[in-house]
>>> print(open('model.cif').read())   # mmCIF, C-alpha atoms
data_my_file
loop_
_atom_site.group_PDB
_atom_site.id
_atom_site.type_symbol
_atom_site.label_atom_id
_atom_site.label_comp_id
_atom_site.auth_asym_id
_atom_site.auth_seq_id
_atom_site.Cartn_x
_atom_site.Cartn_y
_atom_site.Cartn_z
ATOM 1 C CA MET N 481 0.000 0.000 0.000
ATOM 2 C CA ALA N 482 2.901 2.352 0.647
ATOM 3 C CA GLU N 483 3.999 2.089 -2.962
ATOM 4 C CA LEU N 484 0.466 2.824 -4.195
ATOM 5 C CA ALA N 485 0.164 5.756 -1.798
ATOM 6 C CA THR N 486 2.908 7.599 -3.660
ATOM 7 C CA GLY N 487 0.803 7.741 -6.834
ATOM 8 C CA PRO N 488 -1.521 10.616 -5.907
ATOM 9 C CA GLU N 489 1.438 12.587 -4.596
ATOM 10 C CA ALA N 490 3.325 12.167 -7.889
ATOM 11 C CA THR N 491 0.845 14.097 -10.029
ATOM 12 C CA ARG N 492 -0.357 17.683 -10.107
ATOM 13 C CA ASP N 493 -3.369 16.837 -12.286
ATOM 14 C CA PRO N 494 -6.509 16.836 -10.062
ATOM 15 C CA GLU N 495 -8.339 14.284 -12.221
ATOM 16 C CA GLU N 496 -5.369 11.902 -12.246
ATOM 17 C CA ARG N 497 -4.924 12.389 -8.510
ATOM 18 C CA ALA N 498 -8.585 11.460 -7.942
ATOM 19 C CA ARG N 499 -8.207 8.390 -10.173
ATOM 20 C CA ARG N 500 -5.154 7.241 -8.244
ATOM 21 C CA ILE N 501 -6.863 7.788 -4.895
ATOM 22 C CA GLY N 502 -9.748 5.673 -6.190
ATOM 23 C CA LEU N 503 -7.303 2.883 -7.038
ATOM 24 C CA ILE N 504 -5.862 2.979 -3.525
ATOM 25 C CA GLN N 505 -9.318 2.885 -1.975
ATOM 26 C CA HIS N 506 -10.279 -0.037 -4.199
ATOM 27 C CA ALA N 507 -7.141 -1.940 -3.190
ATOM 28 C CA GLU N 508 -7.766 -1.233 0.496
ATOM 29 C CA ASP N 509 -11.340 -2.497 0.193
ATOM 30 C CA THR N 510 -10.452 -5.529 -1.922
ATOM 31 C CA PHE N 511 -7.301 -7.004 -0.410
ATOM 32 C CA ASP N 512 -6.304 -8.111 3.050
ATOM 33 C CA GLN N 513 -3.023 -6.393 3.754
ATOM 34 C CA LEU N 514 -0.122 -8.313 5.222
ATOM 35 C CA PRO N 515 2.205 -6.538 7.638
ATOM 36 C CA LEU N 516 5.905 -5.996 7.232
ATOM 37 C CA ASP N 517 6.640 -7.912 10.418
ATOM 38 C CA ILE N 518 9.714 -9.495 12.000
ATOM 39 C CA ALA N 519 9.337 -12.667 9.894
ATOM 40 C CA ALA N 520 9.424 -10.605 6.686
ATOM 41 C CA ALA N 521 12.349 -8.570 7.986
ATOM 42 C CA ARG N 522 14.289 -11.779 8.603
ATOM 43 C CA VAL N 523 13.730 -13.197 5.105
ATOM 44 C CA TYR N 524 14.522 -9.833 3.528
ATOM 45 C CA GLY N 525 18.198 -10.728 3.878
ATOM 46 C CA ARG N 526 17.673 -13.807 1.688
ATOM 47 C CA VAL N 527 15.770 -11.725 -0.877
ATOM 48 C CA TYR N 528 18.517 -9.095 -0.926
ATOM 49 C CA ALA N 529 21.227 -11.742 -1.305
ATOM 50 C CA ALA N 530 19.399 -13.479 -4.174
ATOM 51 C CA VAL N 531 19.003 -10.239 -6.108
ATOM 52 C CA THR N 532 22.628 -9.185 -5.666
ATOM 53 C CA ALA N 533 23.803 -12.706 -6.585
ATOM 54 C CA ALA N 534 21.877 -12.276 -9.854
ATOM 55 C CA GLY N 535 23.956 -9.139 -10.520
ATOM 56 C CA ARG N 536 21.116 -6.701 -9.909
ATOM 57 C CA LYS N 537 20.879 -3.664 -7.685
ATOM 58 C CA ALA N 538 19.002 -4.282 -4.448
ATOM 59 C CA ARG N 539 18.835 -0.702 -3.212
ATOM 60 C CA GLY N 540 17.055 2.507 -4.079
ATOM 61 C CA ARG N 541 13.645 2.230 -5.701
ATOM 62 C CA ARG N 542 13.944 -1.537 -5.813
ATOM 63 C CA THR N 543 13.906 -1.700 -1.990
ATOM 64 C CA LEU N 544 10.102 -1.400 -1.874
ATOM 65 C CA ASP N 545 9.714 -4.246 -4.366
ATOM 66 C CA LEU N 546 12.065 -6.443 -2.363
ATOM 67 C CA LEU N 547 10.207 -5.708 0.870
ATOM 68 C CA ILE N 548 6.983 -6.762 -0.876
ATOM 69 C CA ALA N 549 8.733 -9.974 -1.956
ATOM 70 C CA ALA N 550 9.913 -10.573 1.613
ATOM 71 C CA VAL N 551 6.358 -10.230 2.943
ATOM 72 C CA ALA N 552 5.063 -12.706 0.343
ATOM 73 C CA LEU N 553 7.918 -15.124 1.030
ATOM 74 C CA SER N 554 7.499 -14.993 4.802
ATOM 75 C CA ASN N 555 3.799 -15.771 4.361
ATOM 76 C CA GLU N 556 4.539 -18.550 1.833
ATOM 77 C CA LEU N 557 2.433 -16.803 -0.812
ATOM 78 C CA PRO N 558 3.028 -16.113 -4.503
ATOM 79 C CA LEU N 559 3.702 -12.528 -5.505
ATOM 80 C CA TYR N 560 1.326 -11.082 -8.101
ATOM 81 C CA THR N 561 2.630 -8.094 -10.056
ATOM 82 C CA HIS N 562 2.412 -6.111 -13.276
ATOM 83 C CA ASN N 563 6.205 -5.832 -13.203
ATOM 84 C CA VAL N 564 7.747 -9.313 -13.130
ATOM 85 C CA GLY N 565 11.057 -7.843 -14.270
ATOM 86 C CA ASP N 566 11.376 -6.139 -10.894
ATOM 87 C CA PHE N 567 11.723 -9.555 -9.266
ATOM 88 C CA VAL N 568 14.318 -11.229 -11.489
ATOM 89 C CA GLY N 569 16.768 -13.110 -9.293
ATOM 90 C CA LEU N 570 14.098 -14.391 -6.918
ATOM 91 C CA GLU N 571 12.990 -17.381 -9.015
ATOM 92 C CA GLU N 572 14.399 -19.888 -6.525
ATOM 93 C CA LEU N 573 12.725 -18.220 -3.525
ATOM 94 C CA ILE N 574 9.253 -17.198 -4.559
ATOM 95 C CA ASP N 575 6.648 -17.777 -7.258
ATOM 96 C CA VAL N 576 6.215 -14.458 -9.094
ATOM 97 C CA VAL N 577 3.056 -14.320 -11.191
ATOM 98 C CA ALA N 578 2.426 -11.674 -13.836
ATOM 99 C CA VAL N 579 -0.831 -9.791 -13.760
ATOM 100 C CA PRO N 580 -1.147 -8.391 -17.294
ATOM 101 C CA TYR N 581 -2.343 -4.881 -17.859
ATOM 102 C CA PRO N 582 -5.796 -4.875 -19.479
ATOM 103 C CA ASP N 583 -4.315 -3.567 -22.732
ATOM 104 C CA ALA N 584 -1.545 -6.211 -22.831
ATOM 105 C CA PRO N 585 -3.231 -9.621 -23.161
ATOM 106 C CA ASP N 586 0.000 -11.371 -24.208
ATOM 107 C CA ALA N 587 2.020 -10.348 -21.123
ATOM 108 C CA PRO N 588 4.084 -13.152 -19.567
ATOM 109 C CA HIS N 589 2.493 -15.014 -16.679
ATOM 110 C CA THR N 590 5.653 -15.947 -14.778
ATOM 111 C CA LEU N 591 9.223 -14.795 -14.432
ATOM 112 C CA PRO N 592 11.550 -15.641 -17.283
ATOM 113 C CA ALA N 593 13.713 -18.716 -16.771
ATOM 114 C CA PRO N 594 16.931 -18.205 -14.770
ATOM 115 C CA ALA N 595 20.110 -17.532 -16.759
ATOM 116 C CA GLY N 596 21.470 -20.730 -18.208
ATOM 117 C CA ALA N 597 18.010 -22.276 -18.389
ATOM 118 C CA GLY N 598 17.332 -21.073 -21.916
ATOM 119 C CA GLY N 599 15.435 -17.869 -21.050
ATOM 120 C CA ASP N 600 16.408 -14.241 -21.356
ATOM 121 C CA GLN N 601 16.210 -12.030 -18.319
ATOM 122 C CA PRO N 602 15.060 -8.464 -18.838
ATOM 123 C CA ALA N 603 17.416 -5.602 -18.121
ATOM 124 C CA ASP N 604 17.018 -3.630 -14.922
ATOM 125 C CA PRO N 605 14.238 -1.073 -15.297
ATOM 126 C CA PRO N 606 15.211 2.596 -15.100
ATOM 127 C CA GLU N 607 15.456 3.865 -11.539
ATOM 128 C CA ASP N 608 13.374 6.935 -12.352
ATOM 129 C CA ARG N 609 10.216 5.207 -13.565
ATOM 130 C CA PRO N 610 6.992 6.461 -11.940
#
>>> encode(input="model.cif", output="structure tokens")
Amino acid sequence: MAELATGPEATRDPEERARRIGLIQHAEDTFDQLPLDIAAARVYGRVYAAVTAAGRKARGRRTLDLLIAAVALSNELPLYTHNVGDFVGLEELIDVVAVPYPDAPDAPHTLPAPAGAGGDQPADPPEDRP
């Protein structure tokens, strides 16, 4: 929810701000939220190590994504996301499932195969994406 909460603050357009607030409210009403608790904090180290072992940055903007992964991992749940590329390197720890955007019906449904397994891994996304 923290990541979603930045959306309304990142726009000056009142209509877009209202739309983003509506998305947050919908998510709050639809999903049970899991806490970032001590169990998630403990597995965060494993998540961080897996990402750095894959040669990817595990700091900056990516920190929020990795904390989300740690919460899912500590609760033994899959991680559903529009941005599977943000979780490359975690294939051995957690099941990451793509949730395609409505206008992208052919989006992948899982992470690409690990390097050496015949799949290509996407490049790190830009750090300044919204």
>>> atom_distance(input="model.cif", atom1="atom CA of N:Tyr524", atom2="atom CA of N:Ala550")
5.0 Å
>>> resolve_selection(input="model.cif", expression="the PyMOL selection byres ((chain N and resi 557) around 12)", output="MDAnalysis selection string")
chainID N and resid 514 520 548:556 558:560 573:577
>>> write_last_selection(input="model.cif", atoms="C-alpha atoms", output="CSV table (one decimal), keeping the file's coordinate frame")
chain,number,residue,atom,x,y,z
N,514,LEU,CA,-0.1,-8.3,5.2
N,520,ALA,CA,9.4,-10.6,6.7
N,548,ILE,CA,7.0,-6.8,-0.9
N,549,ALA,CA,8.7,-10.0,-2.0
N,550,ALA,CA,9.9,-10.6,1.6
N,551,VAL,CA,6.4,-10.2,2.9
N,552,ALA,CA,5.1,-12.7,0.3
N,553,LEU,CA,7.9,-15.1,1.0
N,554,SER,CA,7.5,-15.0,4.8
N,555,ASN,CA,3.8,-15.8,4.4
N,556,GLU,CA,4.5,-18.6,1.8
N,558,PRO,CA,3.0,-16.1,-4.5
N,559,LEU,CA,3.7,-12.5,-5.5
N,560,TYR,CA,1.3,-11.1,-8.1
N,573,LEU,CA,12.7,-18.2,-3.5
N,574,ILE,CA,9.3,-17.2,-4.6
N,575,ASP,CA,6.6,-17.8,-7.3
N,576,VAL,CA,6.2,-14.5,-9.1
N,577,VAL,CA,3.1,-14.3,-11.2
>>> residues_around(input="model.cif", residues="stretch 500-507 of chain N", least_positions_apart="3", cutoff="12 Å", atoms="only C-alpha atoms", output="MDAnalysis selection string")
chainID N and resid 481:497 510:513
>>> atom_distance(input="model.cif", atom1="atom CA of N:Ala578", atom2="atom CA of N:Val564")
5.9 Å
>>> closest_residue(input="model.cif", among="N:Pro582, N:Ile518, N:Asn563, N:Asp545", to="N:Val531", atoms="all atoms listed in the file")
N:Asp545
>>> atom_distance(input="model.cif", atom1="atom CA of N:Leu546", atom2="atom CA of N:His562")
14.6 Å
>>> axis_aligned_box(input="model.cif", around="stretch 546-561 of chain N", padding_each_side="3 Å", output="lines of an AutoDock Vina configuration file")
center_x = 6.7
center_y = -12.1
center_z = -2.6
size_x = 16.7
size_y = 18.8
size_z = 20.9
>>> residues_around(input="model.cif", residues="stretch 532-535 of chain N", least_positions_apart="4", cutoff="9 Å", atoms="all atoms listed in the file", output="PyMOL selection string")
chain N and resi 527-528+568-570+595
>>> write_last_selection(input="model.cif", atoms="C-alpha atoms", output="PDB file, in the coordinates of the input")
ATOM      1  CA  VAL N 527      15.770 -11.725  -0.877  1.00  0.00           C
ATOM      2  CA  TYR N 528      18.517  -9.095  -0.926  1.00  0.00           C
ATOM      3  CA  VAL N 568      14.318 -11.229 -11.489  1.00  0.00           C
ATOM      4  CA  GLY N 569      16.768 -13.110  -9.293  1.00  0.00           C
ATOM      5  CA  LEU N 570      14.098 -14.391  -6.918  1.00  0.00           C
ATOM      6  CA  ALA N 595      20.110 -17.532 -16.759  1.00  0.00           C
TER       7      ALA N 595
END
>>> closest_residue(input="model.cif", among="N:Leu547, N:Thr561, N:Glu571, N:Arg536", to="N:Ala519", atoms="all atoms listed in the file")
N:Leu547
>>> build_atoms(input="model.cif", residues="stretch 555-586 of chain N", atoms="N, CA and C atoms", output="compact mmCIF listing (two decimals), keeping the file's coordinate frame")
# COMPACT_ATOMS: atom_id res chain seq x y z
N ASN N 555 5.16 -15.23 4.21
CA ASN N 555 3.80 -15.77 4.36
C ASN N 555 3.54 -16.96 3.45
N GLU N 556 4.61 -17.41 2.74
CA GLU N 556 4.54 -18.55 1.83
C GLU N 556 3.45 -18.36 0.78
N LEU N 557 3.42 -17.15 0.20
CA LEU N 557 2.43 -16.80 -0.81
C LEU N 557 3.13 -16.43 -2.11
N PRO N 558 2.47 -16.63 -3.25
CA PRO N 558 3.03 -16.11 -4.50
C PRO N 558 2.93 -14.60 -4.51
N LEU N 559 3.71 -13.98 -5.36
CA LEU N 559 3.70 -12.53 -5.50
C LEU N 559 3.10 -12.20 -6.87
N TYR N 560 2.00 -11.48 -6.87
CA TYR N 560 1.33 -11.08 -8.10
C TYR N 560 1.72 -9.65 -8.43
N THR N 561 2.12 -9.41 -9.69
CA THR N 561 2.63 -8.09 -10.06
C THR N 561 2.45 -7.81 -11.54
N HIS N 562 2.37 -6.53 -11.88
CA HIS N 562 2.41 -6.11 -13.28
C HIS N 562 3.86 -6.08 -13.77
N ASN N 563 4.80 -6.06 -12.86
CA ASN N 563 6.20 -5.83 -13.20
C ASN N 563 7.09 -7.01 -12.81
N VAL N 564 6.95 -8.14 -13.49
CA VAL N 564 7.75 -9.31 -13.13
C VAL N 564 9.25 -9.05 -13.24
N GLY N 565 9.64 -8.16 -14.13
CA GLY N 565 11.06 -7.84 -14.27
C GLY N 565 11.67 -7.26 -13.01
N ASP N 566 10.86 -6.68 -12.15
CA ASP N 566 11.38 -6.14 -10.89
C ASP N 566 11.82 -7.23 -9.93
N PHE N 567 11.46 -8.47 -10.20
CA PHE N 567 11.72 -9.56 -9.27
C PHE N 567 12.66 -10.62 -9.83
N VAL N 568 13.34 -10.30 -10.92
CA VAL N 568 14.32 -11.23 -11.49
C VAL N 568 15.42 -11.46 -10.45
N GLY N 569 15.78 -12.72 -10.29
CA GLY N 569 16.77 -13.11 -9.29
C GLY N 569 16.13 -13.83 -8.12
N LEU N 570 14.80 -13.77 -8.04
CA LEU N 570 14.10 -14.39 -6.92
C LEU N 570 13.41 -15.70 -7.30
N GLU N 571 13.69 -16.21 -8.49
CA GLU N 571 12.99 -17.38 -9.02
C GLU N 571 13.09 -18.60 -8.10
N GLU N 572 14.20 -18.73 -7.40
CA GLU N 572 14.40 -19.89 -6.52
C GLU N 572 13.72 -19.72 -5.16
N LEU N 573 13.31 -18.49 -4.84
CA LEU N 573 12.72 -18.22 -3.52
C LEU N 573 11.21 -18.12 -3.53
N ILE N 574 10.67 -17.55 -4.58
CA ILE N 574 9.25 -17.20 -4.56
C ILE N 574 8.65 -17.33 -5.96
N ASP N 575 7.38 -17.68 -6.00
CA ASP N 575 6.65 -17.78 -7.26
C ASP N 575 6.11 -16.39 -7.59
N VAL N 576 6.65 -15.78 -8.65
CA VAL N 576 6.22 -14.46 -9.09
C VAL N 576 5.30 -14.66 -10.29
N VAL N 577 4.08 -14.13 -10.17
CA VAL N 577 3.06 -14.32 -11.19
C VAL N 577 2.69 -12.98 -11.81
N ALA N 578 2.76 -12.91 -13.13
CA ALA N 578 2.43 -11.67 -13.84
C ALA N 578 0.93 -11.45 -13.85
N VAL N 579 0.54 -10.23 -13.60
CA VAL N 579 -0.83 -9.79 -13.76
C VAL N 579 -0.80 -8.82 -14.93
N PRO N 580 -1.25 -9.25 -16.11
CA PRO N 580 -1.15 -8.39 -17.29
C PRO N 580 -2.02 -7.14 -17.16
N TYR N 581 -1.53 -6.08 -17.76
CA TYR N 581 -2.34 -4.88 -17.86
C TYR N 581 -3.50 -5.20 -18.79
N PRO N 582 -4.65 -4.57 -18.61
CA PRO N 582 -5.80 -4.88 -19.48
C PRO N 582 -5.50 -4.71 -20.96
N ASP N 583 -4.60 -3.80 -21.32
CA ASP N 583 -4.32 -3.57 -22.73
C ASP N 583 -3.14 -4.40 -23.24
N ALA N 584 -2.68 -5.37 -22.44
CA ALA N 584 -1.54 -6.21 -22.83
C ALA N 584 -1.88 -7.68 -22.59
N PRO N 585 -2.77 -8.25 -23.41
CA PRO N 585 -3.23 -9.62 -23.16
C PRO N 585 -2.14 -10.68 -23.31
N ASP N 586 -1.04 -10.37 -24.00
CA ASP N 586 0.00 -11.37 -24.21
C ASP N 586 1.15 -11.23 -23.23
